[in-house]
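Next comes protein-v5.cif, a file with mmCIF, C-alpha atoms and all ligand atoms.
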data_input
loop_
_atom_site.group_PDB
_atom_site.id
_atom_site.type_symbol
_atom_site.label_atom_id
_atom_site.label_comp_id
_atom_site.auth_asym_id
_atom_site.auth_seq_id
_atom_site.Cartn_x
_atom_site.Cartn_y
_atom_site.Cartn_z
ATOM 1 C CA MET A 1 -2.840 29.491 28.055
ATOM 2 C CA LYS A 2 -2.795 33.293 27.892
ATOM 3 C CA TRP A 3 -1.395 34.705 24.644
ATOM 4 C CA TYR A 4 1.686 36.176 26.357
ATOM 5 C CA GLU A 5 2.581 32.770 27.879
ATOM 6 C CA ASP A 6 3.106 31.305 24.414
ATOM 7 C CA ASP A 7 6.890 31.058 24.094
ATOM 8 C CA SER A 8 6.617 30.151 20.414
ATOM 9 C CA LEU A 9 4.937 33.499 19.682
ATOM 10 C CA TRP A 10 7.949 35.477 20.958
ATOM 11 C CA SER A 11 10.385 33.104 19.243
ATOM 12 C CA ASP A 12 8.567 32.904 15.881
ATOM 13 C CA PHE A 13 8.173 36.673 15.619
ATOM 14 C CA ALA A 14 11.600 37.461 17.071
ATOM 15 C CA PRO A 15 13.132 38.357 13.671
ATOM 16 C CA THR A 16 10.744 41.294 13.361
ATOM 17 C CA MET A 17 10.253 42.215 17.042
ATOM 18 C CA PHE A 18 13.896 41.864 18.056
ATOM 19 C CA SER A 19 15.641 42.657 14.781
ATOM 20 C CA ALA A 20 19.304 43.625 14.427
ATOM 21 C CA ALA A 21 18.123 47.174 13.661
ATOM 22 C CA ARG A 22 16.209 47.277 16.966
ATOM 23 C CA ALA A 23 19.241 45.942 18.830
ATOM 24 C CA GLU A 24 21.322 48.750 17.328
ATOM 25 C CA SER A 25 18.734 51.357 18.200
ATOM 26 C CA ALA A 26 18.469 50.023 21.795
ATOM 27 C CA ALA A 27 22.250 50.355 22.203
ATOM 28 C CA GLU A 28 22.089 53.891 20.759
ATOM 29 C CA LEU A 29 19.235 54.860 23.106
ATOM 30 C CA VAL A 30 21.058 53.550 26.157
ATOM 31 C CA ALA A 31 24.187 55.482 25.140
ATOM 32 C CA THR A 32 22.432 58.788 24.424
ATOM 33 C CA SER A 33 19.011 59.029 26.089
ATOM 34 C CA PRO A 34 18.698 61.636 28.836
ATOM 35 C CA LEU A 35 15.966 59.421 30.324
ATOM 36 C CA LEU A 36 18.413 56.516 30.675
ATOM 37 C CA ASP A 37 21.234 58.608 32.128
ATOM 38 C CA PHE A 38 21.241 57.132 35.635
ATOM 39 C CA PRO A 39 24.015 57.570 38.211
ATOM 40 C CA SER A 40 26.897 55.152 37.749
ATOM 41 C CA GLY A 41 26.313 51.914 39.640
ATOM 42 C CA ALA A 42 22.517 52.324 39.631
ATOM 43 C CA ARG A 43 20.673 49.037 40.138
ATOM 44 C CA VAL A 44 18.491 48.693 37.033
ATOM 45 C CA LEU A 45 15.714 46.146 36.495
ATOM 46 C CA ASP A 46 14.629 45.549 32.895
ATOM 47 C CA LEU A 47 11.153 44.117 33.485
ATOM 48 C CA CYS A 48 10.063 41.959 30.506
ATOM 49 C CA CYS A 49 13.585 42.098 29.086
ATOM 50 C CA GLY A 50 12.873 39.669 26.225
ATOM 51 C CA PRO A 51 16.066 38.607 24.428
ATOM 52 C CA GLY A 52 17.876 41.380 26.254
ATOM 53 C CA LEU A 53 18.390 44.118 23.683
ATOM 54 C CA PHE A 54 18.816 46.655 26.476
ATOM 55 C CA LEU A 55 20.697 44.483 28.980
ATOM 56 C CA ALA A 56 24.292 44.473 27.714
ATOM 57 C CA PRO A 57 24.173 48.172 26.695
ATOM 58 C CA LEU A 58 22.920 49.061 30.204
ATOM 59 C CA ALA A 59 25.663 46.961 31.807
ATOM 60 C CA ALA A 60 28.236 48.652 29.546
ATOM 61 C CA ARG A 61 27.158 51.997 31.027
ATOM 62 C CA GLY A 62 28.194 50.774 34.448
ATOM 63 C CA PHE A 63 24.792 49.873 35.858
ATOM 64 C CA GLU A 64 24.094 46.772 37.915
ATOM 65 C CA VAL A 65 21.559 45.074 35.660
ATOM 66 C CA THR A 66 18.825 42.485 36.250
ATOM 67 C CA GLY A 67 16.542 41.171 33.517
ATOM 68 C CA VAL A 68 13.182 39.584 34.304
ATOM 69 C CA ASP A 69 11.041 37.749 31.764
ATOM 70 C CA LEU A 70 8.418 35.005 31.778
ATOM 71 C CA SER A 71 9.767 33.232 28.718
ATOM 72 C CA GLY A 72 12.549 30.674 29.146
ATOM 73 C CA PRO A 73 13.578 30.827 25.464
ATOM 74 C CA MET A 74 13.748 34.657 25.604
ATOM 75 C CA LEU A 75 15.931 34.475 28.721
ATOM 76 C CA GLU A 76 18.186 31.950 26.939
ATOM 77 C CA ARG A 77 18.642 34.428 24.115
ATOM 78 C CA ALA A 78 19.320 37.178 26.651
ATOM 79 C CA ARG A 79 21.886 34.988 28.403
ATOM 80 C CA SER A 80 23.776 34.253 25.213
ATOM 81 C CA ALA A 81 23.640 37.913 24.051
ATOM 82 C CA CYS A 82 25.060 39.068 27.405
ATOM 83 C CA GLU A 83 27.744 36.363 27.340
ATOM 84 C CA LYS A 84 28.741 37.381 23.823
ATOM 85 C CA ALA A 85 29.002 41.019 24.934
ATOM 86 C CA GLY A 86 30.885 40.058 28.090
ATOM 87 C CA ALA A 87 28.145 41.669 30.182
ATOM 88 C CA ASP A 88 27.561 40.547 33.757
ATOM 89 C CA VAL A 89 23.756 40.539 34.089
ATOM 90 C CA ARG A 90 21.441 38.697 36.473
ATOM 91 C CA LEU A 91 18.498 36.987 34.760
ATOM 92 C CA VAL A 92 15.335 35.885 36.527
ATOM 93 C CA ARG A 93 12.418 33.957 35.115
ATOM 94 C CA ALA A 94 9.294 35.450 36.673
ATOM 95 C CA ASP A 95 5.838 36.835 35.962
ATOM 96 C CA MET A 96 5.543 40.623 36.188
ATOM 97 C CA LEU A 97 2.179 40.096 37.880
ATOM 98 C CA THR A 98 3.861 38.632 40.958
ATOM 99 C CA TYR A 99 7.558 39.572 40.775
ATOM 100 C CA THR A 100 8.811 41.886 43.505
ATOM 101 C CA ALA A 101 12.201 42.392 45.110
ATOM 102 C CA PRO A 102 11.576 44.910 47.881
ATOM 103 C CA GLU A 103 13.716 48.079 47.545
ATOM 104 C CA ALA A 104 16.252 46.180 45.413
ATOM 105 C CA PHE A 105 16.408 48.624 42.478
ATOM 106 C CA ASP A 106 17.015 52.294 41.743
ATOM 107 C CA VAL A 107 15.377 52.031 38.329
ATOM 108 C CA VAL A 108 12.696 49.783 36.850
ATOM 109 C CA LEU A 109 12.369 49.857 33.056
ATOM 110 C CA ASN A 110 9.506 48.365 31.081
ATOM 111 C CA VAL A 111 10.026 49.076 27.399
ATOM 112 C CA PHE A 112 8.712 48.364 23.906
ATOM 113 C CA THR A 113 5.069 47.889 24.883
ATOM 114 C CA SER A 114 5.560 45.210 27.531
ATOM 115 C CA PHE A 115 2.773 46.593 29.694
ATOM 116 C CA GLY A 116 -1.031 46.258 29.754
ATOM 117 C CA TYR A 117 -1.052 42.537 28.884
ATOM 118 C CA PHE A 118 -3.526 41.405 31.555
ATOM 119 C CA ASP A 119 -7.269 41.209 30.849
ATOM 120 C CA ASP A 120 -8.136 42.473 34.323
ATOM 121 C CA PRO A 121 -7.163 46.170 34.547
ATOM 122 C CA ASP A 122 -6.348 45.707 38.254
ATOM 123 C CA ASP A 123 -3.619 43.241 37.293
ATOM 124 C CA ASN A 124 -1.916 45.886 35.158
ATOM 125 C CA LEU A 125 -2.094 48.283 38.111
ATOM 126 C CA GLN A 126 -0.580 45.509 40.246
ATOM 127 C CA VAL A 127 2.458 45.431 37.933
ATOM 128 C CA LEU A 128 3.049 49.126 38.715
ATOM 129 C CA ARG A 129 2.544 48.444 42.434
ATOM 130 C CA ASN A 130 5.108 45.628 42.221
ATOM 131 C CA ALA A 131 7.574 48.002 40.560
ATOM 132 C CA TRP A 132 6.952 50.565 43.332
ATOM 133 C CA GLU A 133 7.645 47.859 45.911
ATOM 134 C CA SER A 134 10.865 46.846 44.131
ATOM 135 C CA LEU A 135 12.224 50.391 44.061
ATOM 136 C CA ALA A 136 14.427 51.929 46.735
ATOM 137 C CA PRO A 137 13.299 55.355 48.000
ATOM 138 C CA ASP A 138 13.731 57.986 45.249
ATOM 139 C CA GLY A 139 13.884 55.198 42.659
ATOM 140 C CA GLN A 140 12.129 55.617 39.325
ATOM 141 C CA LEU A 141 9.918 53.594 37.011
ATOM 142 C CA LEU A 142 9.879 54.177 33.241
ATOM 143 C CA VAL A 143 7.179 52.571 31.094
ATOM 144 C CA ASP A 144 7.388 52.867 27.302
ATOM 145 C CA VAL A 145 4.297 51.994 25.244
ATOM 146 C CA MET A 146 2.474 53.026 22.093
ATOM 147 C CA GLY A 147 0.185 55.831 23.255
ATOM 148 C CA LYS A 148 -3.505 55.861 22.390
ATOM 149 C CA GLU A 149 -3.264 59.356 20.874
ATOM 150 C CA VAL A 150 -0.342 58.279 18.669
ATOM 151 C CA LEU A 151 -1.992 55.098 17.512
ATOM 152 C CA ALA A 152 -5.205 56.936 16.641
ATOM 153 C CA SER A 153 -3.381 58.787 13.845
ATOM 154 C CA TRP A 154 -2.534 55.637 11.865
ATOM 155 C CA ILE A 155 -4.784 52.862 13.127
ATOM 156 C CA GLY A 156 -6.415 50.833 10.373
ATOM 157 C CA ARG A 157 -3.476 50.800 7.984
ATOM 158 C CA PRO A 158 -1.869 47.340 7.912
ATOM 159 C CA GLN A 159 1.918 47.298 7.851
ATOM 160 C CA VAL A 160 4.217 44.884 6.063
ATOM 161 C CA VAL A 161 7.737 44.258 7.342
ATOM 162 C CA ASP A 162 10.158 42.468 5.000
ATOM 163 C CA LEU A 163 12.678 40.184 6.697
ATOM 164 C CA PRO A 164 16.211 39.501 5.476
ATOM 165 C CA ASP A 165 15.441 35.825 4.627
ATOM 166 C CA GLY A 166 12.690 36.811 2.169
ATOM 167 C CA SER A 167 9.803 36.121 4.559
ATOM 168 C CA TYR A 168 7.570 38.978 5.684
ATOM 169 C CA VAL A 169 5.211 39.919 8.493
ATOM 170 C CA VAL A 170 1.850 41.599 8.054
ATOM 171 C CA GLN A 171 0.708 43.507 11.124
ATOM 172 C CA ARG A 172 -2.887 44.642 11.534
ATOM 173 C CA ASP A 173 -4.112 46.586 14.563
ATOM 174 C CA VAL A 174 -7.694 46.498 15.777
ATOM 175 C CA VAL A 175 -8.998 48.613 18.655
ATOM 176 C CA PHE A 176 -11.895 47.229 20.680
ATOM 177 C CA ASP A 177 -13.604 47.454 24.081
ATOM 178 C CA SER A 178 -14.526 51.133 23.451
ATOM 179 C CA TRP A 179 -10.905 52.082 22.702
ATOM 180 C CA ARG A 180 -9.651 50.504 25.918
ATOM 181 C CA ARG A 181 -7.793 47.696 24.201
ATOM 182 C CA LEU A 182 -5.778 46.855 21.138
ATOM 183 C CA ARG A 183 -5.409 43.557 19.329
ATOM 184 C CA THR A 184 -2.455 43.239 17.006
ATOM 185 C CA ASP A 185 -2.770 40.433 14.483
ATOM 186 C CA TRP A 186 0.533 39.221 13.070
ATOM 187 C CA THR A 187 0.941 36.970 10.056
ATOM 188 C CA LEU A 188 4.374 35.649 9.218
ATOM 189 C CA VAL A 189 4.539 34.487 5.617
ATOM 190 C CA ARG A 190 7.422 32.199 4.724
ATOM 191 C CA GLY A 191 7.228 30.746 1.233
ATOM 192 C CA THR A 192 3.765 29.202 0.986
ATOM 193 C CA SER A 193 3.194 28.820 4.744
ATOM 194 C CA ALA A 194 1.754 31.368 7.141
ATOM 195 C CA ARG A 195 1.904 31.557 10.931
ATOM 196 C CA THR A 196 -0.573 33.817 12.714
ATOM 197 C CA ALA A 197 -0.710 35.188 16.235
ATOM 198 C CA SER A 198 -2.587 37.888 18.116
ATOM 199 C CA LEU A 199 -1.359 40.110 20.929
ATOM 200 C CA THR A 200 -3.934 41.852 23.094
ATOM 201 C CA SER A 201 -3.112 44.720 25.406
ATOM 202 C CA TYR A 202 -4.641 47.745 27.060
ATOM 203 C CA LEU A 203 -4.133 50.956 25.200
ATOM 204 C CA TYR A 204 -3.367 53.976 27.370
ATOM 205 C CA SER A 205 -3.656 57.672 26.744
ATOM 206 C CA ALA A 206 -1.068 59.862 28.463
ATOM 207 C CA ALA A 207 -3.635 60.844 31.107
ATOM 208 C CA GLU A 208 -4.715 57.239 31.743
ATOM 209 C CA LEU A 209 -1.186 55.925 32.233
ATOM 210 C CA HIS A 210 -0.295 58.977 34.318
ATOM 211 C CA ASP A 211 -3.255 58.281 36.611
ATOM 212 C CA LEU A 212 -2.346 54.596 36.869
ATOM 213 C CA PHE A 213 1.141 55.584 38.073
ATOM 214 C CA VAL A 214 -0.436 57.852 40.690
ATOM 215 C CA ALA A 215 -2.816 55.067 41.775
ATOM 216 C CA ALA A 216 0.192 52.776 42.257
ATOM 217 C CA GLY A 217 1.806 55.329 44.591
ATOM 218 C CA PHE A 218 4.196 57.146 42.243
ATOM 219 C CA ALA A 219 4.968 60.855 42.598
ATOM 220 C CA ASP A 220 6.444 63.428 40.173
ATOM 221 C CA VAL A 221 4.829 61.596 37.258
ATOM 222 C CA GLU A 222 6.034 62.934 33.904
ATOM 223 C CA ILE A 223 5.124 62.195 30.292
ATOM 224 C CA PHE A 224 7.545 62.096 27.347
ATOM 225 C CA GLY A 225 7.171 61.445 23.635
ATOM 226 C CA GLY A 226 10.453 59.593 23.167
ATOM 227 C CA PHE A 227 13.704 58.531 24.805
ATOM 228 C CA ASP A 228 15.182 61.852 23.706
ATOM 229 C CA GLY A 229 13.047 63.403 26.459
ATOM 230 C CA SER A 230 10.844 65.271 23.974
ATOM 231 C CA ALA A 231 7.325 66.382 24.858
ATOM 232 C CA TYR A 232 4.477 64.012 24.060
ATOM 233 C CA ASP A 233 2.465 65.395 21.156
ATOM 234 C CA ASN A 234 0.799 64.356 17.908
ATOM 235 C CA HIS A 235 4.206 63.738 16.281
ATOM 236 C CA SER A 236 5.490 61.391 19.011
ATOM 237 C CA ARG A 237 6.338 57.798 18.194
ATOM 238 C CA ARG A 238 6.107 56.535 21.780
ATOM 239 C CA LEU A 239 4.464 57.333 25.108
ATOM 240 C CA ILE A 240 6.944 57.189 27.982
ATOM 241 C CA VAL A 241 5.792 57.698 31.558
ATOM 242 C CA ARG A 242 8.221 58.210 34.428
ATOM 243 C CA GLY A 243 7.348 58.251 38.107
ATOM 244 C CA ARG A 244 9.305 58.362 41.356
ATOM 245 C CA LYS A 245 8.951 56.538 44.623
ATOM 246 C CA LYS A 246 9.067 59.222 47.319
HETATM 247 C C1 LIG B 1 7.280 43.031 23.277
HETATM 248 S S1 LIG B 1 8.438 42.020 24.101
HETATM 249 C C2 LIG B 1 9.584 43.257 24.625
HETATM 250 C C3 LIG B 1 10.907 42.735 25.110
HETATM 251 C C4 LIG B 1 11.944 43.776 25.471
HETATM 252 N N1 LIG B 1 11.458 44.684 26.501
HETATM 253 C C5 LIG B 1 12.415 44.563 24.270
HETATM 254 O O1 LIG B 1 12.453 45.789 24.321
HETATM 255 O O2 LIG B 1 12.821 43.966 23.270
HETATM 256 C C6 LIG B 1 7.581 41.558 25.585
HETATM 257 C C7 LIG B 1 8.296 40.591 26.489
HETATM 258 O O3 LIG B 1 7.500 40.451 27.674
HETATM 259 C C8 LIG B 1 7.584 39.112 28.129
HETATM 260 N N2 LIG B 1 6.389 38.848 28.953
HETATM 261 C C9 LIG B 1 5.122 38.676 28.514
HETATM 262 N N3 LIG B 1 4.302 38.494 29.545
HETATM 263 C C10 LIG B 1 5.067 38.551 30.667
HETATM 264 C C11 LIG B 1 4.774 38.423 32.057
HETATM 265 N N4 LIG B 1 3.527 38.212 32.476
HETATM 266 N N5 LIG B 1 5.793 38.551 32.942
HETATM 267 C C12 LIG B 1 7.062 38.761 32.506
HETATM 268 N N6 LIG B 1 7.401 38.871 31.192
HETATM 269 C C13 LIG B 1 6.408 38.779 30.291
HETATM 270 C C14 LIG B 1 7.648 38.290 26.871
HETATM 271 O O4 LIG B 1 8.191 37.011 27.133
HETATM 272 C C15 LIG B 1 8.511 39.177 25.966
HETATM 273 O O5 LIG B 1 9.856 38.818 26.091
#

Write out the structure in this file as structure tokens.
Amino acid sequence: MKWYEDDSLWSDFAPTMFSAARAESAAELVATSPLLDFPSGARVLDLCCGPGLFLAPLAARGFEVTGVDLSGPMLERARSACEKAGADVRLVRADMLTYTAPEAFDVVLNVFTSFGYFDDPDDNLQVLRNAWESLAPDGQLLVDVMGKEVLASWIGRPQVVDLPDGSYVVQRDVVFDSWRRLRTDWTLVRGTSARTASLTSYLYSAAELHDLFVAAGFADVEIFGGFDGSAYDNHSRRLIVRGRKK
């Protein structure tokens, strides 16, 4: 089993990855981000939607929303979150490596470092090609990851995240493969027991992800340092790449 196919990983680390604070910030981003200000009625695909932090807020903005994820338990959480919010969202269980819906969307979103998971670099390019295929003409793809330049400024310092129930998560990042890839080791400590997991993904510089978009057929490729549309620089928290299907 590949690490990303392990449903228990996403579920066990959900309290830190998909915290209430992140849900709030996702709703705030959707309400205010110039990058997420699509025309009313836009057909939006949230690719690797997880428990759906962005889904109900996107639906509330009047978009026609579809969430795709490989994990059944994550989609269950997304379903119940959307139901609770009264949001009408279509959910599909699928692998981003193979999922396409030709010309079905105006926007494809892939957020919170849900890209670069495949060991073969061509497979990651295929995900961008699939997104291109799924976009209607003039549609756009937005990918949001932790940029290589950003990570370089703090790599090596482990982080500890305290959770409301008294447990905590230690996160340690290790770059390898000549700075091509990143392994994030997580340890969840609850009382006297510990649960560990590792996530491995490609690490992209702005130029590398830009060029991957171009290789997948995207035009007008732009780089941002956050959902506020700011420039990508050494103070950025995120690397966001946007490309259009011409
Ligand atoms: C880091 S989480 C991000 C979730 C969501 N985008 C968010 O902002 O909270 C990554 C998600 O990608 C999903 N995933 C991992 N591999 C996948 C694949 N090959 N195809 C589709 N989804 C995948 C996981 O199940 C998980 O829900």

### Task
Please give me, as an MDAnalysis selection string, the residues lying within 9 Å of ligand LIG 1 (chain B) when counting all atoms listed in the file.
chainID A and resid 2:7 9:11 14 17:18 22:23 26 46:54 68:75 93:99 109:115 117:118

### Query
Between CA of Leu188 in chain A and CA of Arg77 in chain A, what is the spacing in Å?
20.7 Å

### Task
Give as a PyMOL selection string the residues that the PyMOL selection byres (((chain A and resi 223-228) around 8) and not hetatm) matches when applied to the coordinates above.
chain A and resi 29+32-36+206+210+221-222+229-233+236-242

### Query
Using only C-alpha atoms, which of A:Met1, A:Gly116, A:Leu212, A:Thr16 sits nearest Val161 in chain A?
A:Thr16

#### Entry: Matched chain/residue IDs from the PyMOL selection byres (((chain A and resi 106) around 9) and not hetatm), as an MDAnalysis selection string
chainID A and resid 38 42:45 103:105 107:108 134:141

### Message
What's the separation between CA of Val174 in chain A and CA of Ala197 in chain A, in Å to one decimal place?
### Response
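These atoms are spaced 13.3 Å apart.
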
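Closest approach to Ser8 in chain A among A:Thr196, A:Asp165, A:Leu182, A:Asp37: A:Thr196, based on only C-alpha atoms.
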
### Task
Go through A:Leu199, A:Ala131, A:Val170, A:Met146 one by one, measure the shortest atom-to-atom distance of each to Thr100 in chain A using only C-alpha atoms, and give the residue with the smallest value.
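That would be A:Ala131, the residue with the smallest distance to Thr100 in chain A.
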
### Selection under test: the PyMOL selection byres (((chain A and resi 198) around 7) and not hetatm); residues as a PyMOL selection string
chain A and resi 183-186+197+199-200
